[in-house]
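Shown below: start-v9.tsv, with TSV, C-alpha atoms.
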```tsv
chain	number	residue	atom	x	y	z
A	292	MET	CA	-0.89	8.12	45.14
A	293	LYS	CA	0.60	6.60	48.19
A	294	PHE	CA	1.38	2.92	48.20
A	295	LYS	CA	0.61	1.06	51.31
A	296	LYS	CA	2.19	-2.25	52.10
A	297	LYS	CA	-0.29	-4.93	52.68
A	298	GLN	CA	0.13	-6.59	55.99
A	299	ALA	CA	-1.03	-10.12	56.63
A	300	SER	CA	-3.27	-10.30	59.57
A	301	THR	CA	-1.85	-13.59	60.87
A	302	LYS	CA	0.89	-13.89	63.42
A	303	GLN	CA	4.42	-13.71	62.06
A	304	SER	CA	5.86	-16.79	63.78
A	305	ILE	CA	6.22	-20.41	62.79
A	306	PRO	CA	4.17	-22.56	65.13
A	307	THR	CA	6.57	-24.77	67.05
A	308	ALA	CA	4.01	-26.74	68.97
A	309	SER	CA	4.19	-29.70	66.58
A	310	LEU	CA	7.98	-29.77	66.47
A	311	PRO	CA	8.32	-32.57	69.05
A	312	ASP	CA	5.88	-34.68	67.07
A	313	ILE	CA	7.88	-34.25	63.89
A	314	ILE	CA	11.09	-35.13	65.66
A	315	PHE	CA	9.40	-38.14	67.21
A	316	MET	CA	8.34	-39.35	63.81
A	317	LEU	CA	11.94	-39.15	62.59
A	318	LEU	CA	13.09	-40.85	65.75
A	319	ILE	CA	10.68	-43.71	65.31
A	320	PHE	CA	11.77	-44.16	61.70
A	321	PHE	CA	15.38	-44.51	62.74
A	322	MET	CA	14.55	-46.76	65.67
A	323	VAL	CA	12.67	-49.12	63.39
A	324	SER	CA	15.26	-49.16	60.64
A	325	THR	CA	18.29	-49.61	62.88
A	326	VAL	CA	19.73	-53.06	63.26
A	327	LEU	CA	21.55	-52.84	66.55
A	328	ARG	CA	22.88	-56.37	66.47
A	329	GLU	CA	26.57	-56.14	65.80
A	330	TYR	CA	28.91	-59.01	66.20
A	331	ASP	CA	32.08	-59.21	68.13
A	332	ILE	CA	34.47	-60.50	65.53
A	333	LYS	CA	37.03	-62.80	67.05
A	334	VAL	CA	38.97	-63.77	63.96
A	335	GLN	CA	41.32	-61.78	61.78
A	336	TYR	CA	40.55	-61.65	58.12
A	337	THR	CA	41.07	-59.64	54.95
A	338	LEU	CA	38.38	-59.93	52.33
A	339	PRO	CA	39.31	-60.65	48.73
A	340	SER	CA	38.28	-58.20	46.02
A	341	ALA	CA	36.34	-58.79	42.85
A	342	THR	CA	34.78	-56.76	40.06
A	343	GLN	CA	31.40	-58.44	39.59
A	344	ILE	CA	29.95	-57.92	43.04
A	345	GLU	CA	26.35	-57.48	44.07
A	346	LYS	CA	24.76	-55.87	47.07
A	347	ILE	CA	22.62	-57.61	49.63
A	348	ASP	CA	19.89	-55.19	50.56
A	349	ASN	CA	18.18	-57.12	53.28
A	350	LYS	CA	20.50	-57.38	56.24
A	351	ARG	CA	18.01	-59.29	58.35
A	352	ILE	CA	18.15	-62.50	56.35
A	353	VAL	CA	21.93	-62.68	56.31
A	354	THR	CA	23.98	-64.91	58.58
A	355	TYR	CA	27.69	-64.36	58.54
A	356	ILE	CA	30.36	-67.00	58.70
A	357	TRP	CA	33.83	-65.72	59.33
A	358	VAL	CA	36.94	-67.69	58.59
A	359	GLY	CA	40.09	-66.17	59.95
A	360	ARG	CA	43.67	-66.23	58.85
A	361	ASP	CA	44.39	-68.99	61.32
A	362	GLY	CA	41.53	-71.13	60.03
A	363	ARG	CA	39.14	-70.59	62.91
A	364	VAL	CA	35.47	-70.37	62.03
A	365	GLN	CA	33.06	-68.00	63.74
A	366	ILE	CA	29.29	-67.88	63.46
A	367	ASP	CA	27.24	-65.39	65.53
A	368	ASP	CA	29.76	-64.53	68.24
A	369	ASN	CA	30.90	-68.13	68.67
A	370	ILE	CA	33.93	-69.96	67.42
A	371	VAL	CA	32.62	-73.24	66.01
A	372	LEU	CA	34.09	-76.44	64.71
A	373	ILE	CA	33.42	-77.35	61.11
A	374	PRO	CA	31.23	-80.43	61.85
A	375	GLU	CA	28.94	-78.22	63.96
A	376	ILE	CA	28.09	-75.97	61.04
A	377	GLN	CA	25.52	-78.36	59.63
A	378	ASN	CA	23.22	-78.11	62.65
A	379	ILE	CA	23.64	-74.34	62.94
A	380	ALA	CA	22.86	-73.91	59.24
A	381	ALA	CA	19.81	-76.16	59.52
A	382	LYS	CA	18.53	-74.14	62.46
A	383	LYS	CA	19.07	-70.86	60.63
A	384	ARG	CA	17.23	-72.25	57.64
A	385	ARG	CA	14.28	-73.25	59.81
A	386	ASP	CA	14.12	-69.83	61.44
A	387	VAL	CA	14.56	-67.82	58.24
A	388	PRO	CA	13.76	-69.92	55.16
A	389	GLN	CA	15.31	-67.47	52.71
A	390	VAL	CA	18.54	-67.16	54.70
A	391	ILE	CA	21.70	-66.11	52.90
A	392	MET	CA	24.92	-67.39	54.38
A	393	SER	CA	27.54	-64.74	53.79
A	394	LEU	CA	31.02	-66.18	53.86
A	395	ARG	CA	33.60	-63.72	55.05
A	396	ILE	CA	36.72	-65.67	54.41
A	397	ASP	CA	40.28	-64.49	54.63
A	398	GLU	CA	41.74	-64.21	51.15
A	399	GLY	CA	44.71	-66.38	52.05
A	400	SER	CA	42.66	-69.35	53.26
A	401	ARG	CA	42.97	-72.70	51.53
A	402	MET	CA	40.03	-73.94	49.49
A	403	GLY	CA	39.93	-77.12	51.56
A	404	ILE	CA	38.27	-75.36	54.48
A	405	VAL	CA	35.92	-73.46	52.16
A	406	THR	CA	34.83	-76.72	50.52
A	407	ASP	CA	34.30	-78.32	53.93
A	408	ILE	CA	32.10	-75.42	55.05
A	409	GLN	CA	30.14	-75.56	51.81
A	410	GLN	CA	29.54	-79.29	52.23
A	411	GLN	CA	28.27	-78.65	55.75
A	412	LEU	CA	25.96	-75.90	54.49
A	413	ARG	CA	24.60	-78.21	51.82
A	414	LYS	CA	23.86	-80.87	54.41
A	415	GLY	CA	22.17	-78.21	56.55
A	416	ASP	CA	20.14	-77.17	53.50
A	417	ALA	CA	21.25	-73.54	53.59
A	418	LEU	CA	22.01	-73.25	49.92
A	419	ARG	CA	22.04	-69.53	49.23
A	420	ILE	CA	25.51	-68.27	49.88
A	421	ASN	CA	27.45	-65.15	49.23
A	422	TYR	CA	31.21	-64.82	49.03
A	423	SER	CA	31.79	-61.51	50.69
A	424	ALA	CA	34.18	-59.45	48.63
A	425	LEU	CA	35.21	-55.85	48.20
A	426	GLN	CA	35.01	-53.83	45.02
A	427	LYS	CA	38.18	-54.20	43.01
A	428	LEU	CA	39.39	-50.82	41.87
B	186	MET	CA	-3.02	-28.55	117.06
B	187	ALA	CA	-4.61	-28.56	113.76
B	188	MET	CA	-2.62	-30.02	110.93
B	189	LEU	CA	-2.40	-27.74	108.01
B	190	ARG	CA	-1.98	-29.33	104.68
B	191	LYS	CA	0.04	-27.31	102.27
B	192	ARG	CA	-1.67	-26.69	99.03
B	193	ALA	CA	0.22	-26.70	95.79
B	194	SER	CA	-0.51	-23.96	93.41
B	195	ARG	CA	-3.29	-24.60	90.91
B	196	ASP	CA	-1.78	-25.18	87.51
B	197	VAL	CA	0.64	-28.04	87.87
B	198	GLN	CA	2.12	-28.88	84.48
B	199	ILE	CA	5.07	-30.79	83.16
B	200	PRO	CA	7.13	-28.40	81.11
B	201	THR	CA	6.98	-29.64	77.54
B	202	SER	CA	9.18	-27.04	75.95
B	203	SER	CA	12.25	-29.24	76.27
B	204	MET	CA	10.53	-32.24	74.77
B	205	ALA	CA	11.86	-31.40	71.32
B	206	ASP	CA	15.40	-31.23	72.65
B	207	ILE	CA	15.12	-34.57	74.38
B	208	SER	CA	13.82	-36.27	71.30
B	209	PHE	CA	16.50	-34.56	69.26
B	210	LEU	CA	19.12	-36.17	71.45
B	211	LEU	CA	17.55	-39.58	71.01
B	212	LEU	CA	17.33	-38.99	67.28
B	213	LEU	CA	21.02	-38.11	67.16
B	214	PHE	CA	21.89	-41.26	69.06
B	215	PHE	CA	20.09	-43.41	66.52
B	216	LEU	CA	21.52	-41.45	63.62
B	217	VAL	CA	25.02	-42.08	64.90
B	218	THR	CA	24.56	-45.77	65.70
B	219	THR	CA	22.83	-46.68	62.44
B	220	THR	CA	25.19	-48.42	60.08
B	221	ILE	CA	24.18	-48.22	56.48
B	222	ASP	CA	27.09	-50.25	55.15
B	223	VAL	CA	25.82	-52.94	52.82
B	224	ASP	CA	27.37	-56.32	52.45
B	225	THR	CA	28.74	-56.86	48.97
B	226	GLY	CA	29.94	-60.02	47.38
B	227	ILE	CA	29.45	-62.75	44.81
B	228	GLY	CA	26.17	-64.59	45.24
B	229	LEU	CA	25.82	-68.26	44.45
B	230	VAL	CA	23.41	-71.07	45.12
B	231	LEU	CA	24.89	-74.34	46.28
B	232	PRO	CA	23.60	-77.57	44.77
B	233	PRO	CA	21.33	-79.57	47.07
B	234	PRO	CA	23.03	-82.40	48.94
B	235	VAL	CA	23.15	-85.64	47.00
B	236	GLU	CA	23.81	-89.21	47.91
B	237	GLU	CA	26.78	-90.72	46.23
B	238	THR	CA	24.55	-93.10	44.32
B	239	ASP	CA	22.49	-90.53	42.47
B	240	ILE	CA	25.17	-88.24	41.14
B	241	VAL	CA	24.06	-87.37	37.65
B	242	LYS	CA	26.65	-87.79	34.96
B	243	MET	CA	26.44	-84.86	32.58
B	244	ASP	CA	27.15	-84.96	28.90
B	245	PRO	CA	30.76	-83.73	28.79
B	246	ASP	CA	29.99	-81.60	25.75
B	247	ARG	CA	27.65	-79.45	27.80
B	248	ILE	CA	30.14	-78.61	30.52
B	249	ILE	CA	32.90	-76.08	30.55
B	250	LYS	CA	35.26	-77.48	33.15
B	251	VAL	CA	37.40	-74.93	34.90
B	252	LEU	CA	40.05	-76.45	37.10
B	253	VAL	CA	42.26	-74.30	39.30
B	254	ASN	CA	45.28	-75.75	41.03
B	255	ALA	CA	47.22	-74.60	44.05
B	256	ALA	CA	49.70	-72.58	42.01
B	257	GLY	CA	46.93	-70.63	40.29
B	258	ASP	CA	47.21	-72.44	36.96
B	259	VAL	CA	43.94	-72.92	35.14
B	260	LEU	CA	42.77	-75.76	32.96
B	261	ILE	CA	39.70	-75.07	30.84
B	262	ASN	CA	38.41	-78.25	29.18
B	263	ASP	CA	41.91	-79.72	29.40
B	264	GLU	CA	43.55	-76.70	27.86
B	265	LEU	CA	46.03	-74.71	29.88
B	266	ALA	CA	45.16	-71.06	30.45
B	267	SER	CA	45.97	-68.28	32.86
B	268	LEU	CA	43.60	-66.77	35.42
B	269	LEU	CA	43.12	-63.58	33.44
B	270	GLN	CA	42.19	-65.41	30.24
B	271	ILE	CA	39.23	-67.20	31.78
B	272	HIS	CA	36.59	-64.62	30.93
B	273	GLU	CA	37.60	-64.51	27.30
B	274	ILE	CA	37.73	-68.28	26.79
B	275	VAL	CA	34.52	-68.94	28.71
B	276	ALA	CA	32.68	-66.15	26.88
B	277	ASN	CA	33.79	-67.56	23.53
B	278	LYS	CA	32.65	-71.04	24.45
B	279	LEU	CA	29.31	-69.70	25.67
B	280	ARG	CA	28.81	-67.74	22.46
B	281	ALA	CA	29.29	-70.90	20.46
B	282	LYS	CA	26.93	-72.91	22.67
B	283	PRO	CA	24.80	-70.77	24.98
B	284	LYS	CA	23.32	-73.45	27.21
B	285	MET	CA	26.62	-74.68	28.61
B	286	ILE	CA	27.22	-75.14	32.31
B	287	VAL	CA	30.38	-73.75	33.80
B	288	SER	CA	31.77	-76.06	36.42
B	289	ILE	CA	34.49	-74.83	38.72
B	290	LYS	CA	36.74	-77.09	40.69
B	291	THR	CA	39.70	-76.30	42.85
B	292	ASP	CA	42.43	-78.08	44.67
B	293	ARG	CA	42.23	-78.21	48.46
B	294	GLU	CA	45.39	-76.15	48.60
B	295	THR	CA	44.21	-73.40	46.24
B	296	PRO	CA	44.18	-70.01	47.94
B	297	TYR	CA	40.70	-68.55	48.40
B	298	ARG	CA	41.67	-65.35	46.60
B	299	VAL	CA	42.52	-67.33	43.46
B	300	TYR	CA	39.16	-69.07	43.60
B	301	ILE	CA	37.31	-65.76	43.97
B	302	GLY	CA	39.38	-64.41	41.09
B	303	ALA	CA	38.34	-67.33	38.89
B	304	LEU	CA	34.69	-67.01	39.90
B	305	ASP	CA	34.86	-63.31	39.18
B	306	GLU	CA	36.26	-64.04	35.72
B	307	ILE	CA	33.36	-66.39	34.96
B	308	LYS	CA	30.89	-63.77	36.14
B	309	GLN	CA	32.61	-61.29	33.85
B	310	ALA	CA	32.11	-63.64	30.91
B	311	TYR	CA	28.38	-63.81	31.63
B	312	ASN	CA	28.26	-60.08	32.08
B	313	ALA	CA	29.86	-59.57	28.66
B	314	LEU	CA	27.24	-61.87	27.11
B	315	ARG	CA	24.43	-59.98	28.82
B	316	GLU	CA	25.86	-56.71	27.60
B	317	GLU	CA	25.86	-58.07	24.03
B	318	TYR	CA	22.33	-59.37	24.38
B	319	ALA	CA	21.12	-56.04	25.71
B	320	LEU	CA	22.73	-54.16	22.84
B	321	GLN	CA	21.24	-56.54	20.28
B	322	THR	CA	17.66	-56.59	21.57
B	323	PHE	CA	17.21	-53.16	23.11
B	324	GLY	CA	20.07	-51.22	21.59
B	325	LEU	CA	21.07	-50.04	25.02
B	326	PRO	CA	23.93	-50.94	27.35
B	327	LEU	CA	23.04	-52.92	30.48
B	328	LYS	CA	23.16	-49.94	32.79
B	329	GLN	CA	20.44	-48.04	30.95
B	330	LEU	CA	17.90	-50.84	30.89
B	331	THR	CA	14.68	-50.70	32.85
B	332	LYS	CA	13.96	-53.30	35.49
B	333	GLU	CA	11.71	-55.36	33.21
B	334	GLN	CA	14.28	-55.34	30.42
B	335	MET	CA	16.95	-56.35	32.92
B	336	ASP	CA	14.81	-59.30	34.02
B	337	GLU	CA	14.38	-60.33	30.42
B	338	VAL	CA	18.12	-60.23	29.87
B	339	ARG	CA	18.63	-62.30	33.02
B	340	GLU	CA	16.04	-64.78	31.82
B	341	ASN	CA	17.63	-65.19	28.41
B	342	VAL	CA	21.27	-65.23	29.41
B	343	LYS	CA	21.10	-67.47	32.43
B	344	GLN	CA	24.07	-67.95	34.65
B	345	SER	CA	24.72	-71.57	35.32
B	346	ILE	CA	27.79	-71.86	37.46
B	347	SER	CA	28.21	-75.12	39.24
B	348	ILE	CA	30.56	-75.99	42.01
B	349	ALA	CA	31.93	-79.42	41.20
B	350	GLU	CA	31.24	-82.18	43.69
B	351	PRO	CA	34.35	-82.54	45.82
B	352	GLU	CA	36.06	-85.84	45.50
B	353	ARG	CA	36.16	-88.25	48.37
B	354	THR	CA	39.50	-88.32	50.03
B	355	ARG	CA	40.33	-91.31	52.06
```

Would you mind writing the file out in structure tokens?
Amino acid sequence: MKFKKKQASTKQSIPTASLPDIIFMLLIFFMVSTVLREYDIKVQYTLPSATQIEKIDNKRIVTYIWVGRDGRVQIDDNIVLIPEIQNIAAKKRRDVPQVIMSLRIDEGSRMGIVTDIQQQLRKGDALRINYSALQKL
Amino acid sequence: MAMLRKRASRDVQIPTSSMADISFLLLLFFLVTTTIDVDTGIGLVLPPPVEETDIVKMDPDRIIKVLVNAAGDVLINDELASLLQIHEIVANKLRAKPKMIVSIKTDRETPYRVYIGALDEIKQAYNALREEYALQTFGLPLKQLTKEQMDEVRENVKQSISIAEPERTR
């Protein structure tokens, strides 16, 4: 008895007509999830390291405060003076009530400046903070 | 002279075959520019601002005072210790009396890295307690707990770290 290979009657090609749509879907996903806002960091700093660190998942509610080696303070692309922080923090708190202030402070800074910034944040009612740190190996 | 209008051929169509390529390029651009680096650090909630008049005096027995000076020396409830001993001493004190508040205070001249080190040590003490609690109640280490169990551990071993009110300098 002769065996005959069964042949499917459909066309033997993958339909590519919907390919652009699939790619567009991917594209839109990435466009939505991308946060393009990147800051121009004007201060030099090295973060301290710690073992018990946590991740902040939601980037959109975070405001960064940089403190450089020379003691300059930067918030959102601007170098600010310490007494100005209160108003900035209050404004951030009004805009995003669950705001997290992430402090990116140079590891060699003195605690005096850190305490001053914290006092300003308290007056501005932005109480959730995060000491940015790297994973200690 | 009669003007003759030129006719275009019938089926005018935009070629769509390159659409996929164009969107691929866009996709690649977004893929490259997306940064997925997450911010990591030690989270803390600052105390609300208080007037000088209504500062609450706490019962000294309920506070573990951690003082750090500029040289990196540590004083825990008036006993001298080193930075690396903090987690052990604090954990022991918390085991004896679980509801204690850890208060951390530094000198203005203390380097930030020392402060973070001390804070990290205190967090380690709490982590050790949570690990013990998890083993006792669920018989599992912290990392293998489910989310609900983790919440329960967090609820029962609460972190209460307080940043001491800075003193007025005149």

At a cut-off of 9 Å, list the chain B residues touching chain A, using all atoms listed in the file, as a ChimeraX atom specification.
/B:202-209,211-213,215-216,218-221,223-235,255,291-302,304-306,308-309,312,351

Would you mind exporting the chosen residues as a tab-separated table (two decimals), keeping the file's coordinate frame, restricted to C-alpha atoms?
```
chain	number	residue	atom	x	y	z
B	202	SER	CA	9.18	-27.04	75.95
B	203	SER	CA	12.25	-29.24	76.27
B	204	MET	CA	10.53	-32.24	74.77
B	205	ALA	CA	11.86	-31.40	71.32
B	206	ASP	CA	15.40	-31.23	72.65
B	207	ILE	CA	15.12	-34.57	74.38
B	208	SER	CA	13.82	-36.27	71.30
B	209	PHE	CA	16.50	-34.56	69.26
B	211	LEU	CA	17.55	-39.58	71.01
B	212	LEU	CA	17.33	-38.99	67.28
B	213	LEU	CA	21.02	-38.11	67.16
B	215	PHE	CA	20.09	-43.41	66.52
B	216	LEU	CA	21.52	-41.45	63.62
B	218	THR	CA	24.56	-45.77	65.70
B	219	THR	CA	22.83	-46.68	62.44
B	220	THR	CA	25.19	-48.42	60.08
B	221	ILE	CA	24.18	-48.22	56.48
B	223	VAL	CA	25.82	-52.94	52.82
B	224	ASP	CA	27.37	-56.32	52.45
B	225	THR	CA	28.74	-56.86	48.97
B	226	GLY	CA	29.94	-60.02	47.38
B	227	ILE	CA	29.45	-62.75	44.81
B	228	GLY	CA	26.17	-64.59	45.24
B	229	LEU	CA	25.82	-68.26	44.45
B	230	VAL	CA	23.41	-71.07	45.12
B	231	LEU	CA	24.89	-74.34	46.28
B	232	PRO	CA	23.60	-77.57	44.77
B	233	PRO	CA	21.33	-79.57	47.07
B	234	PRO	CA	23.03	-82.40	48.94
B	235	VAL	CA	23.15	-85.64	47.00
B	255	ALA	CA	47.22	-74.60	44.05
B	291	THR	CA	39.70	-76.30	42.85
B	292	ASP	CA	42.43	-78.08	44.67
B	293	ARG	CA	42.23	-78.21	48.46
B	294	GLU	CA	45.39	-76.15	48.60
B	295	THR	CA	44.21	-73.40	46.24
B	296	PRO	CA	44.18	-70.01	47.94
B	297	TYR	CA	40.70	-68.55	48.40
B	298	ARG	CA	41.67	-65.35	46.60
B	299	VAL	CA	42.52	-67.33	43.46
B	300	TYR	CA	39.16	-69.07	43.60
B	301	ILE	CA	37.31	-65.76	43.97
B	302	GLY	CA	39.38	-64.41	41.09
B	304	LEU	CA	34.69	-67.01	39.90
B	305	ASP	CA	34.86	-63.31	39.18
B	306	GLU	CA	36.26	-64.04	35.72
B	308	LYS	CA	30.89	-63.77	36.14
B	309	GLN	CA	32.61	-61.29	33.85
B	312	ASN	CA	28.26	-60.08	32.08
B	351	PRO	CA	34.35	-82.54	45.82
```

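Note that CA of Val390 in chain A and CA of Val364 in chain A are 18.7 Å apart.
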
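Among the candidates B:Val338, B:Phe214, B:Ile274, B:Ile249, the one nearest to Gln321 in chain B when counting all atoms listed in the file is B:Val338.
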
Spatial neighbours of Ile271 in chain B, 9 Å, only C-alpha atoms, chain gap at least 3 places, as a ChimeraX atom specification
/B:251,259,261,266-268,274-276,303,306-307,310

Return the single residue from B:Val253, B:Val217, B:Ala349, B:Leu314 that is closest to Ala281 in chain B, with distances computed using all atoms listed in the file.
B:Leu314
